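Structure below is start.cif: mmCIF, N, CA and C atoms.
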data_input
#
loop_
_atom_site.label_atom_id
_atom_site.label_comp_id
_atom_site.auth_asym_id
_atom_site.auth_seq_id
_atom_site.Cartn_x
_atom_site.Cartn_y
_atom_site.Cartn_z
N MET C 1 39.26 -0.83 21.03
CA MET C 1 39.38 -1.28 19.65
C MET C 1 38.22 -0.71 18.84
N GLU C 2 38.54 0.03 17.80
CA GLU C 2 37.52 0.60 16.93
C GLU C 2 37.08 -0.45 15.91
N ILE C 3 35.77 -0.63 15.82
CA ILE C 3 35.20 -1.61 14.90
C ILE C 3 34.31 -0.88 13.90
N ILE C 4 34.46 -1.23 12.65
CA ILE C 4 33.61 -0.70 11.59
C ILE C 4 32.83 -1.88 11.02
N PHE C 5 31.51 -1.73 10.92
CA PHE C 5 30.66 -2.75 10.33
C PHE C 5 30.23 -2.27 8.96
N ARG C 6 30.27 -3.17 7.99
CA ARG C 6 29.87 -2.83 6.63
C ARG C 6 29.43 -4.09 5.91
N PRO C 7 28.68 -3.91 4.81
CA PRO C 7 28.31 -5.08 4.01
C PRO C 7 29.55 -5.77 3.44
N ILE C 8 29.49 -7.08 3.34
CA ILE C 8 30.56 -7.85 2.71
C ILE C 8 30.68 -7.43 1.25
N GLU C 9 31.90 -7.44 0.76
CA GLU C 9 32.20 -7.18 -0.65
C GLU C 9 33.02 -8.34 -1.19
N LYS C 10 33.07 -8.47 -2.51
CA LYS C 10 33.83 -9.57 -3.12
C LYS C 10 35.30 -9.54 -2.70
N ARG C 11 35.83 -8.35 -2.47
CA ARG C 11 37.24 -8.22 -2.09
C ARG C 11 37.53 -8.85 -0.72
N ASP C 12 36.49 -9.19 0.03
CA ASP C 12 36.66 -9.79 1.35
C ASP C 12 36.80 -11.31 1.31
N ALA C 13 36.75 -11.90 0.12
CA ALA C 13 36.69 -13.36 -0.01
C ALA C 13 37.80 -14.08 0.75
N ALA C 14 39.02 -13.63 0.65
CA ALA C 14 40.14 -14.33 1.29
C ALA C 14 39.99 -14.31 2.81
N GLU C 15 39.61 -13.17 3.38
CA GLU C 15 39.46 -13.07 4.83
C GLU C 15 38.25 -13.83 5.34
N VAL C 16 37.17 -13.80 4.58
CA VAL C 16 35.98 -14.56 4.97
C VAL C 16 36.29 -16.06 4.92
N ALA C 17 37.04 -16.48 3.91
CA ALA C 17 37.45 -17.89 3.82
C ALA C 17 38.36 -18.26 4.99
N ARG C 18 39.29 -17.38 5.35
CA ARG C 18 40.19 -17.64 6.46
C ARG C 18 39.40 -17.86 7.76
N LEU C 19 38.44 -16.97 8.01
CA LEU C 19 37.63 -17.10 9.23
C LEU C 19 36.75 -18.34 9.20
N SER C 20 36.23 -18.68 8.03
CA SER C 20 35.41 -19.90 7.91
C SER C 20 36.24 -21.13 8.27
N GLY C 21 37.51 -21.12 7.85
CA GLY C 21 38.41 -22.22 8.21
C GLY C 21 38.60 -22.32 9.71
N GLN C 22 38.71 -21.18 10.39
CA GLN C 22 38.85 -21.19 11.85
C GLN C 22 37.63 -21.83 12.50
N PHE C 23 36.50 -21.72 11.86
CA PHE C 23 35.23 -22.21 12.41
C PHE C 23 34.99 -23.68 12.06
N GLY C 24 35.92 -24.26 11.29
CA GLY C 24 35.80 -25.68 10.94
C GLY C 24 35.23 -25.93 9.56
N TYR C 25 35.14 -24.87 8.75
CA TYR C 25 34.62 -25.01 7.40
C TYR C 25 35.65 -24.47 6.41
N PRO C 26 36.72 -25.25 6.15
CA PRO C 26 37.76 -24.76 5.25
C PRO C 26 37.22 -24.56 3.83
N VAL C 27 37.64 -23.45 3.24
CA VAL C 27 37.21 -23.11 1.89
C VAL C 27 38.31 -22.26 1.26
N THR C 28 38.50 -22.41 -0.04
CA THR C 28 39.52 -21.60 -0.71
C THR C 28 38.97 -20.21 -1.01
N LYS C 29 39.87 -19.30 -1.25
CA LYS C 29 39.48 -17.94 -1.64
C LYS C 29 38.61 -17.98 -2.89
N GLU C 30 38.98 -18.81 -3.85
CA GLU C 30 38.23 -18.90 -5.10
C GLU C 30 36.82 -19.43 -4.89
N GLU C 31 36.69 -20.44 -4.05
CA GLU C 31 35.35 -20.97 -3.73
C GLU C 31 34.51 -19.89 -3.03
N MET C 32 35.15 -19.17 -2.12
CA MET C 32 34.43 -18.12 -1.40
C MET C 32 34.02 -17.01 -2.36
N GLN C 33 34.85 -16.68 -3.32
CA GLN C 33 34.49 -15.66 -4.31
C GLN C 33 33.24 -16.08 -5.07
N MET C 34 33.16 -17.37 -5.43
CA MET C 34 31.97 -17.87 -6.14
C MET C 34 30.74 -17.80 -5.25
N ARG C 35 30.88 -18.18 -3.99
CA ARG C 35 29.76 -18.13 -3.06
C ARG C 35 29.29 -16.69 -2.85
N LEU C 36 30.25 -15.79 -2.67
CA LEU C 36 29.89 -14.39 -2.47
C LEU C 36 29.18 -13.82 -3.70
N SER C 37 29.64 -14.19 -4.90
CA SER C 37 28.99 -13.71 -6.12
C SER C 37 27.51 -14.08 -6.13
N GLU C 38 27.21 -15.28 -5.67
CA GLU C 38 25.82 -15.73 -5.61
C GLU C 38 25.06 -15.03 -4.48
N MET C 39 25.66 -14.99 -3.31
CA MET C 39 24.97 -14.42 -2.14
C MET C 39 24.74 -12.92 -2.26
N LEU C 40 25.65 -12.22 -2.89
CA LEU C 40 25.53 -10.76 -2.98
C LEU C 40 24.36 -10.32 -3.87
N THR C 41 23.82 -11.25 -4.66
CA THR C 41 22.65 -10.92 -5.48
C THR C 41 21.35 -11.44 -4.88
N SER C 42 21.44 -12.10 -3.74
CA SER C 42 20.26 -12.67 -3.09
C SER C 42 19.40 -11.57 -2.47
N SER C 43 18.10 -11.74 -2.59
CA SER C 43 17.17 -10.78 -1.96
C SER C 43 16.75 -11.24 -0.57
N THR C 44 17.25 -12.41 -0.14
CA THR C 44 16.86 -12.94 1.17
C THR C 44 18.05 -13.18 2.09
N ASP C 45 19.25 -12.80 1.66
CA ASP C 45 20.45 -12.96 2.46
C ASP C 45 21.15 -11.61 2.61
N TRP C 46 21.65 -11.37 3.82
CA TRP C 46 22.40 -10.14 4.10
C TRP C 46 23.69 -10.55 4.77
N LEU C 47 24.79 -9.91 4.35
CA LEU C 47 26.11 -10.29 4.84
C LEU C 47 26.88 -9.04 5.27
N TRP C 48 27.54 -9.16 6.43
CA TRP C 48 28.33 -8.05 6.95
C TRP C 48 29.69 -8.56 7.41
N VAL C 49 30.65 -7.64 7.45
CA VAL C 49 31.93 -7.90 8.10
C VAL C 49 32.15 -6.85 9.17
N ALA C 50 33.00 -7.20 10.13
CA ALA C 50 33.49 -6.26 11.12
C ALA C 50 34.97 -6.08 10.83
N GLU C 51 35.40 -4.83 10.77
CA GLU C 51 36.80 -4.52 10.49
C GLU C 51 37.41 -3.78 11.67
N SER C 52 38.66 -4.10 11.95
CA SER C 52 39.43 -3.37 12.94
C SER C 52 40.78 -3.05 12.30
N HIS C 53 41.09 -1.78 12.21
CA HIS C 53 42.35 -1.33 11.60
C HIS C 53 42.54 -1.92 10.20
N GLY C 54 41.47 -1.97 9.42
CA GLY C 54 41.53 -2.46 8.05
C GLY C 54 41.53 -3.97 7.90
N GLN C 55 41.47 -4.71 9.00
CA GLN C 55 41.48 -6.17 8.99
C GLN C 55 40.09 -6.70 9.30
N VAL C 56 39.59 -7.64 8.49
CA VAL C 56 38.31 -8.28 8.78
C VAL C 56 38.48 -9.19 9.99
N VAL C 57 37.69 -8.93 11.03
CA VAL C 57 37.80 -9.72 12.28
C VAL C 57 36.55 -10.55 12.55
N ALA C 58 35.52 -10.39 11.73
CA ALA C 58 34.30 -11.19 11.90
C ALA C 58 33.44 -11.04 10.66
N TRP C 59 32.57 -12.02 10.46
CA TRP C 59 31.55 -11.90 9.42
C TRP C 59 30.28 -12.57 9.89
N MET C 60 29.17 -12.11 9.31
CA MET C 60 27.86 -12.66 9.66
C MET C 60 26.98 -12.70 8.41
N GLN C 61 26.18 -13.76 8.33
CA GLN C 61 25.15 -13.88 7.30
C GLN C 61 23.82 -14.06 8.00
N ALA C 62 22.83 -13.31 7.56
CA ALA C 62 21.45 -13.47 8.05
C ALA C 62 20.56 -13.76 6.85
N THR C 63 19.59 -14.63 7.06
CA THR C 63 18.72 -15.08 5.98
C THR C 63 17.26 -14.98 6.40
N ALA C 64 16.44 -14.43 5.53
CA ALA C 64 14.99 -14.41 5.76
C ALA C 64 14.47 -15.83 5.55
N MET C 65 13.78 -16.34 6.55
CA MET C 65 13.25 -17.69 6.49
C MET C 65 11.73 -17.63 6.59
N ALA C 66 11.08 -18.59 5.95
CA ALA C 66 9.63 -18.72 6.06
C ALA C 66 9.30 -20.20 6.15
N ARG C 67 8.56 -20.55 7.17
CA ARG C 67 8.18 -21.94 7.40
C ARG C 67 6.67 -22.03 7.56
N LEU C 68 6.07 -23.03 6.97
CA LEU C 68 4.63 -23.22 7.12
C LEU C 68 4.24 -23.33 8.59
N GLU C 69 5.03 -24.08 9.35
CA GLU C 69 4.65 -24.35 10.74
C GLU C 69 5.00 -23.22 11.70
N SER C 70 6.01 -22.42 11.38
CA SER C 70 6.45 -21.42 12.37
C SER C 70 6.52 -19.99 11.84
N GLY C 71 6.14 -19.78 10.60
CA GLY C 71 6.08 -18.42 10.07
C GLY C 71 7.40 -17.87 9.59
N ARG C 72 7.45 -16.55 9.51
CA ARG C 72 8.60 -15.83 8.95
C ARG C 72 9.51 -15.36 10.09
N PHE C 73 10.82 -15.49 9.87
CA PHE C 73 11.79 -15.03 10.85
C PHE C 73 13.13 -14.77 10.18
N LEU C 74 14.00 -14.11 10.90
CA LEU C 74 15.36 -13.84 10.43
C LEU C 74 16.28 -14.81 11.15
N GLU C 75 17.12 -15.51 10.40
CA GLU C 75 18.03 -16.47 11.00
C GLU C 75 19.47 -16.10 10.72
N ILE C 76 20.29 -16.15 11.74
CA ILE C 76 21.73 -16.00 11.56
C ILE C 76 22.21 -17.34 11.02
N THR C 77 22.62 -17.37 9.76
CA THR C 77 22.99 -18.62 9.11
C THR C 77 24.49 -18.80 9.02
N GLY C 78 25.24 -17.81 9.42
CA GLY C 78 26.69 -17.90 9.49
C GLY C 78 27.22 -16.77 10.34
N PHE C 79 28.17 -17.07 11.23
CA PHE C 79 28.68 -16.05 12.13
C PHE C 79 30.02 -16.52 12.69
N VAL C 80 31.07 -15.81 12.36
CA VAL C 80 32.41 -16.18 12.83
C VAL C 80 33.14 -14.93 13.31
N VAL C 81 33.70 -15.01 14.50
CA VAL C 81 34.59 -13.97 15.01
C VAL C 81 35.98 -14.57 15.06
N ASP C 82 36.97 -13.84 14.57
CA ASP C 82 38.36 -14.29 14.59
C ASP C 82 38.72 -14.78 15.99
N GLU C 83 39.37 -15.93 16.06
CA GLU C 83 39.69 -16.51 17.37
C GLU C 83 40.57 -15.59 18.22
N THR C 84 41.31 -14.69 17.61
CA THR C 84 42.13 -13.75 18.37
C THR C 84 41.33 -12.56 18.89
N GLN C 85 40.08 -12.43 18.46
CA GLN C 85 39.26 -11.28 18.82
C GLN C 85 38.05 -11.64 19.68
N ARG C 86 37.90 -12.90 20.01
CA ARG C 86 36.74 -13.32 20.79
C ARG C 86 36.79 -12.76 22.20
N SER C 87 35.62 -12.53 22.76
CA SER C 87 35.45 -11.96 24.11
C SER C 87 35.96 -10.52 24.20
N ARG C 88 35.92 -9.81 23.09
CA ARG C 88 36.33 -8.40 23.07
C ARG C 88 35.19 -7.48 22.65
N GLY C 89 33.98 -8.03 22.53
CA GLY C 89 32.81 -7.21 22.23
C GLY C 89 32.38 -7.20 20.78
N VAL C 90 33.18 -7.75 19.88
CA VAL C 90 32.84 -7.74 18.45
C VAL C 90 31.55 -8.51 18.19
N GLY C 91 31.45 -9.71 18.75
CA GLY C 91 30.27 -10.54 18.52
C GLY C 91 29.00 -9.90 19.03
N GLY C 92 29.05 -9.33 20.21
CA GLY C 92 27.88 -8.66 20.77
C GLY C 92 27.43 -7.50 19.91
N LYS C 93 28.39 -6.76 19.38
CA LYS C 93 28.05 -5.63 18.51
C LYS C 93 27.45 -6.11 17.20
N MET C 94 27.94 -7.24 16.69
CA MET C 94 27.36 -7.79 15.46
C MET C 94 25.94 -8.28 15.71
N LEU C 95 25.70 -8.88 16.88
CA LEU C 95 24.33 -9.29 17.22
C LEU C 95 23.41 -8.08 17.31
N ALA C 96 23.89 -6.99 17.87
CA ALA C 96 23.09 -5.77 17.94
C ALA C 96 22.77 -5.26 16.54
N LEU C 97 23.75 -5.33 15.65
CA LEU C 97 23.56 -4.89 14.27
C LEU C 97 22.45 -5.69 13.59
N VAL C 98 22.52 -7.03 13.69
CA VAL C 98 21.53 -7.86 13.01
C VAL C 98 20.17 -7.76 13.70
N THR C 99 20.15 -7.55 15.01
CA THR C 99 18.89 -7.35 15.72
C THR C 99 18.21 -6.08 15.23
N ASP C 100 18.94 -5.00 15.16
CA ASP C 100 18.39 -3.74 14.65
C ASP C 100 17.92 -3.89 13.21
N PHE C 101 18.71 -4.57 12.39
CA PHE C 101 18.33 -4.81 11.00
C PHE C 101 17.01 -5.58 10.94
N GLY C 102 16.89 -6.62 11.77
CA GLY C 102 15.66 -7.41 11.80
C GLY C 102 14.45 -6.59 12.19
N LYS C 103 14.59 -5.76 13.22
CA LYS C 103 13.49 -4.90 13.66
C LYS C 103 13.09 -3.94 12.55
N GLU C 104 14.08 -3.30 11.93
CA GLU C 104 13.82 -2.32 10.88
C GLU C 104 13.15 -2.94 9.66
N ASN C 105 13.32 -4.24 9.47
CA ASN C 105 12.77 -4.91 8.30
C ASN C 105 11.59 -5.81 8.61
N GLY C 106 10.99 -5.61 9.79
CA GLY C 106 9.72 -6.26 10.11
C GLY C 106 9.79 -7.70 10.57
N PHE C 107 10.95 -8.17 10.95
CA PHE C 107 11.04 -9.53 11.48
C PHE C 107 10.72 -9.50 12.97
N GLU C 108 9.90 -10.42 13.42
CA GLU C 108 9.54 -10.50 14.84
C GLU C 108 10.50 -11.35 15.64
N ARG C 109 11.22 -12.26 14.97
CA ARG C 109 12.11 -13.18 15.69
C ARG C 109 13.47 -13.25 15.00
N LEU C 110 14.49 -13.44 15.81
CA LEU C 110 15.85 -13.71 15.33
C LEU C 110 16.24 -15.07 15.89
N VAL C 111 16.67 -15.97 15.01
CA VAL C 111 16.99 -17.35 15.37
C VAL C 111 18.45 -17.62 15.02
N VAL C 112 19.10 -18.41 15.82
CA VAL C 112 20.45 -18.89 15.49
C VAL C 112 20.55 -20.34 15.92
N ARG C 113 21.23 -21.13 15.14
CA ARG C 113 21.46 -22.54 15.47
C ARG C 113 22.95 -22.69 15.80
N SER C 114 23.25 -23.52 16.76
CA SER C 114 24.63 -23.68 17.19
C SER C 114 24.90 -25.15 17.48
N ASN C 115 25.99 -25.66 16.96
CA ASN C 115 26.39 -27.04 17.18
C ASN C 115 26.40 -27.35 18.67
N VAL C 116 25.92 -28.51 19.05
CA VAL C 116 25.83 -28.87 20.47
C VAL C 116 27.19 -28.86 21.16
N MET C 117 28.26 -28.95 20.41
CA MET C 117 29.60 -28.98 21.00
C MET C 117 30.15 -27.57 21.27
N ARG C 118 29.50 -26.54 20.80
CA ARG C 118 30.01 -25.17 20.94
C ARG C 118 29.48 -24.50 22.21
N ASN C 119 29.88 -25.04 23.34
CA ASN C 119 29.38 -24.56 24.62
C ASN C 119 29.65 -23.08 24.86
N ARG C 120 30.81 -22.60 24.45
CA ARG C 120 31.14 -21.19 24.63
C ARG C 120 30.15 -20.31 23.85
N ALA C 121 29.81 -20.74 22.64
CA ALA C 121 28.85 -19.99 21.83
C ALA C 121 27.47 -20.01 22.49
N HIS C 122 27.09 -21.12 23.08
CA HIS C 122 25.78 -21.21 23.74
C HIS C 122 25.69 -20.17 24.85
N GLY C 123 26.72 -20.08 25.66
CA GLY C 123 26.74 -19.09 26.73
C GLY C 123 26.67 -17.67 26.19
N PHE C 124 27.37 -17.42 25.08
CA PHE C 124 27.35 -16.11 24.44
C PHE C 124 25.94 -15.73 24.01
N TYR C 125 25.23 -16.67 23.37
CA TYR C 125 23.87 -16.36 22.90
C TYR C 125 22.92 -16.14 24.08
N LEU C 126 23.03 -16.96 25.10
CA LEU C 126 22.17 -16.79 26.28
C LEU C 126 22.44 -15.43 26.93
N LYS C 127 23.70 -15.05 27.03
CA LYS C 127 24.09 -13.77 27.61
C LYS C 127 23.53 -12.59 26.80
N ASN C 128 23.32 -12.82 25.51
CA ASN C 128 22.85 -11.76 24.62
C ASN C 128 21.35 -11.84 24.33
N GLY C 129 20.60 -12.45 25.24
CA GLY C 129 19.14 -12.39 25.17
C GLY C 129 18.43 -13.49 24.43
N PHE C 130 19.15 -14.46 23.91
CA PHE C 130 18.50 -15.59 23.24
C PHE C 130 18.04 -16.59 24.29
N GLU C 131 17.02 -17.36 23.95
CA GLU C 131 16.54 -18.45 24.80
C GLU C 131 16.68 -19.74 24.02
N GLU C 132 17.13 -20.79 24.69
CA GLU C 132 17.23 -22.09 24.03
C GLU C 132 15.83 -22.64 23.83
N ARG C 133 15.50 -23.00 22.59
CA ARG C 133 14.16 -23.49 22.27
C ARG C 133 14.11 -25.00 22.06
N LYS C 134 15.15 -25.57 21.45
CA LYS C 134 15.13 -27.01 21.23
C LYS C 134 16.52 -27.50 20.85
N GLN C 135 16.68 -28.81 20.93
CA GLN C 135 17.88 -29.46 20.42
C GLN C 135 17.43 -30.37 19.30
N GLN C 136 18.29 -30.51 18.31
CA GLN C 136 17.91 -31.34 17.18
C GLN C 136 19.12 -31.99 16.56
N LYS C 137 18.90 -32.94 15.69
CA LYS C 137 19.96 -33.58 14.93
C LYS C 137 19.81 -33.13 13.48
N VAL C 138 20.92 -33.02 12.81
CA VAL C 138 20.90 -32.64 11.40
C VAL C 138 21.37 -33.84 10.60
N PHE C 139 20.60 -34.21 9.60
CA PHE C 139 20.93 -35.31 8.73
C PHE C 139 21.25 -34.75 7.35
N GLU C 140 22.21 -35.34 6.70
CA GLU C 140 22.63 -34.85 5.39
C GLU C 140 22.80 -36.04 4.45
N LYS C 141 22.38 -35.86 3.22
CA LYS C 141 22.55 -36.88 2.21
C LYS C 141 23.21 -36.22 1.00
N ARG C 142 24.37 -36.72 0.60
CA ARG C 142 25.05 -36.19 -0.57
C ARG C 142 24.29 -36.65 -1.82
N ILE C 143 23.90 -35.70 -2.65
CA ILE C 143 23.11 -36.05 -3.83
C ILE C 143 23.83 -35.78 -5.14
N PHE C 144 25.03 -35.20 -5.04
CA PHE C 144 25.84 -34.94 -6.23
C PHE C 144 27.30 -34.99 -5.84
N HIS C 145 28.09 -35.64 -6.62
CA HIS C 145 29.53 -35.72 -6.36
C HIS C 145 30.26 -35.00 -7.49
N ALA C 146 30.94 -33.93 -7.16
CA ALA C 146 31.70 -33.19 -8.17
C ALA C 146 32.73 -34.10 -8.81
N GLY C 147 32.87 -34.01 -10.09
CA GLY C 147 33.88 -34.79 -10.79
C GLY C 147 33.42 -36.20 -11.16
N GLY C 148 32.13 -36.48 -11.01
CA GLY C 148 31.67 -37.78 -11.48
C GLY C 148 30.90 -38.46 -10.51
#

Go ahead and render the structure in this file as structure tokens.
Amino acid sequence: MEIIFRPIEKRDAAEVARLSGQFGYPVTKEEMQMRLSEMLTSSTDWLWVAESHGQVVAWMQATAMARLESGRFLEITGFVVDETQRSRGVGGKMLALVTDFGKENGFERLVVRSNVMRNRAHGFYLKNGFEERKQQKVFEKRIFHAGG
């Protein structure tokens, strides 16, 4: 299977939204277009897609992070491979792409967070050279409700 990697473009919104839904984050094409419009102008976010035969089969977002306690690093903040394409090498190639990007841009570390329930993903990351550093809980507080 021939894979082409390229930066995300606004025209990819429908496919990126479709894949996000597969990952448990449903979003409309229109919402994704708005998100992409914002992200494509960011100086700290980079987004790529993987295409096979003209079809988007994966997407990834990496973000430059800086923390007082742990310094500067590159974090994979979004990564989805089409469920029909998993275990075919696409994900590993995307990890290689972001790893090379991180090295070329002076990042010493690449970090990814994965839901504790995604055991298959955990094995994938370990197989691709990541080490588990910690487990944590994420707390969220809604501070604005659309529509009132």

Expansion of the PyMOL selection byres ((chain C and resi 52-69) around 6) into residues, as a JSON list (two decimals) with N, CA and C atoms, in the frame of the given file:
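Contents of expr30.json, freshly written:
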[["chain", "number", "residue", "atom", "x", "y", "z"],
["C", 2, "GLU", "N", 38.54, 0.03, 17.80],
["C", 2, "GLU", "CA", 37.52, 0.60, 16.93],
["C", 2, "GLU", "C", 37.08, -0.45, 15.91],
["C", 3, "ILE", "N", 35.77, -0.63, 15.82],
["C", 3, "ILE", "CA", 35.20, -1.61, 14.90],
["C", 3, "ILE", "C", 34.31, -0.88, 13.90],
["C", 4, "ILE", "N", 34.46, -1.23, 12.65],
["C", 4, "ILE", "CA", 33.61, -0.70, 11.59],
["C", 4, "ILE", "C", 32.83, -1.88, 11.02],
["C", 44, "THR", "N", 17.25, -12.41, -0.14],
["C", 44, "THR", "CA", 16.86, -12.94, 1.17],
["C", 44, "THR", "C", 18.05, -13.18, 2.09],
["C", 45, "ASP", "N", 19.25, -12.80, 1.66],
["C", 45, "ASP", "CA", 20.45, -12.96, 2.46],
["C", 45, "ASP", "C", 21.15, -11.61, 2.61],
["C", 46, "TRP", "N", 21.65, -11.37, 3.82],
["C", 46, "TRP", "CA", 22.40, -10.14, 4.10],
["C", 46, "TRP", "C", 23.69, -10.55, 4.77],
["C", 47, "LEU", "N", 24.79, -9.91, 4.35],
["C", 47, "LEU", "CA", 26.11, -10.29, 4.84],
["C", 47, "LEU", "C", 26.88, -9.04, 5.27],
["C", 48, "TRP", "N", 27.54, -9.16, 6.43],
["C", 48, "TRP", "CA", 28.33, -8.05, 6.95],
["C", 48, "TRP", "C", 29.69, -8.56, 7.41],
["C", 49, "VAL", "N", 30.65, -7.64, 7.45],
["C", 49, "VAL", "CA", 31.93, -7.90, 8.10],
["C", 49, "VAL", "C", 32.15, -6.85, 9.17],
["C", 50, "ALA", "N", 33.00, -7.20, 10.13],
["C", 50, "ALA", "CA", 33.49, -6.26, 11.12],
["C", 50, "ALA", "C", 34.97, -6.08, 10.83],
["C", 51, "GLU", "N", 35.40, -4.83, 10.77],
["C", 51, "GLU", "CA", 36.80, -4.52, 10.49],
["C", 51, "GLU", "C", 37.41, -3.78, 11.67],
["C", 70, "SER", "N", 6.01, -22.42, 11.38],
["C", 70, "SER", "CA", 6.45, -21.42, 12.37],
["C", 70, "SER", "C", 6.52, -19.99, 11.84],
["C", 71, "GLY", "N", 6.14, -19.78, 10.60],
["C", 71, "GLY", "CA", 6.08, -18.42, 10.07],
["C", 71, "GLY", "C", 7.40, -17.87, 9.59],
["C", 72, "ARG", "N", 7.45, -16.55, 9.51],
["C", 72, "ARG", "CA", 8.60, -15.83, 8.95],
["C", 72, "ARG", "C", 9.51, -15.36, 10.09],
["C", 73, "PHE", "N", 10.82, -15.49, 9.87],
["C", 73, "PHE", "CA", 11.79, -15.03, 10.85],
["C", 73, "PHE", "C", 13.13, -14.77, 10.18],
["C", 74, "LEU", "N", 14.00, -14.11, 10.90],
["C", 74, "LEU", "CA", 15.36, -13.84, 10.43],
["C", 74, "LEU", "C", 16.28, -14.81, 11.15],
["C", 75, "GLU", "N", 17.12, -15.51, 10.40],
["C", 75, "GLU", "CA", 18.03, -16.47, 11.00],
["C", 75, "GLU", "C", 19.47, -16.10, 10.72],
["C", 76, "ILE", "N", 20.29, -16.15, 11.74],
["C", 76, "ILE", "CA", 21.73, -16.00, 11.56],
["C", 76, "ILE", "C", 22.21, -17.34, 11.02],
["C", 77, "THR", "N", 22.62, -17.37, 9.76],
["C", 77, "THR", "CA", 22.99, -18.62, 9.11],
["C", 77, "THR", "C", 24.49, -18.80, 9.02],
["C", 78, "GLY", "N", 25.24, -17.81, 9.42],
["C", 78, "GLY", "CA", 26.69, -17.90, 9.49],
["C", 78, "GLY", "C", 27.22, -16.77, 10.34],
["C", 79, "PHE", "N", 28.17, -17.07, 11.23],
["C", 79, "PHE", "CA", 28.68, -16.05, 12.13],
["C", 79, "PHE", "C", 30.02, -16.52, 12.69],
["C", 80, "VAL", "N", 31.07, -15.81, 12.36],
["C", 80, "VAL", "CA", 32.41, -16.18, 12.83],
["C", 80, "VAL", "C", 33.14, -14.93, 13.31],
["C", 81, "VAL", "N", 33.70, -15.01, 14.50],
["C", 81, "VAL", "CA", 34.59, -13.97, 15.01],
["C", 81, "VAL", "C", 35.98, -14.57, 15.06],
["C", 82, "ASP", "N", 36.97, -13.84, 14.57],
["C", 82, "ASP", "CA", 38.36, -14.29, 14.59],
["C", 82, "ASP", "C", 38.72, -14.78, 15.99]]

Query raised in the report: Which residue gives the smallest distance to Arg35 in chain C among C:Arg118, C:Lys141, C:Arg18, C:Lys10, with only C-alpha atoms counted?
Result: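 Ranking C:Arg118, C:Lys141, C:Arg18, C:Lys10 by distance to Arg35 in chain C, first place goes to C:Lys10.
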
- Message: What's the separation between atom C of Ser43 in chain C and CA of Val16 in chain C, in Å to one decimal place?
- Response: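 These two atoms are separated by 20.3 Å.
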
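Picture a line from CA of Val116 in chain C to CA of Lys137 in chain C; it runs 9.3 Å.
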
Please return, as a PyMOL selection string, all residues of chain C that DSSP assigns to strand (DSSP E) on the basis of the backbone.
chain C and resi 4-7+45-52+55-67+71-81+110-112

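When the PyMOL selection byres (((chain C and resi 29 and name CA) around 12) and name CA) is evaluated on the file shown here, the picked residues come out as Lys10, Arg11, Asp12, Ala13, Ala14, Glu15, Val16, Ala17, Arg18, Leu19, Ser20, Gly21, Pro26, Val27, Thr28, Glu30, Glu31, Met32, Gln33, Met34, Arg35 and Leu36 of chain C.
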
Evaluate the PyMOL selection byres (((chain C and resi 120-130 and name CA) around 10) and name CA) and record the selected residues as an MDAnalysis selection string, following the chain and residue labels used in the document.
chainID C and resid 87 91:92 95:96 110:119 131:133

A straight line from CA of Phe23 in chain C to atom C of Gln85 in chain C spans 13.1 Å

### Task
Can you list, as an MDAnalysis selection string, all residues belonging to range 20-122 of chain C that DSSP tags as alpha helix (DSSP H)?
chainID C and resid 20:22 29:39 90:104 119:122
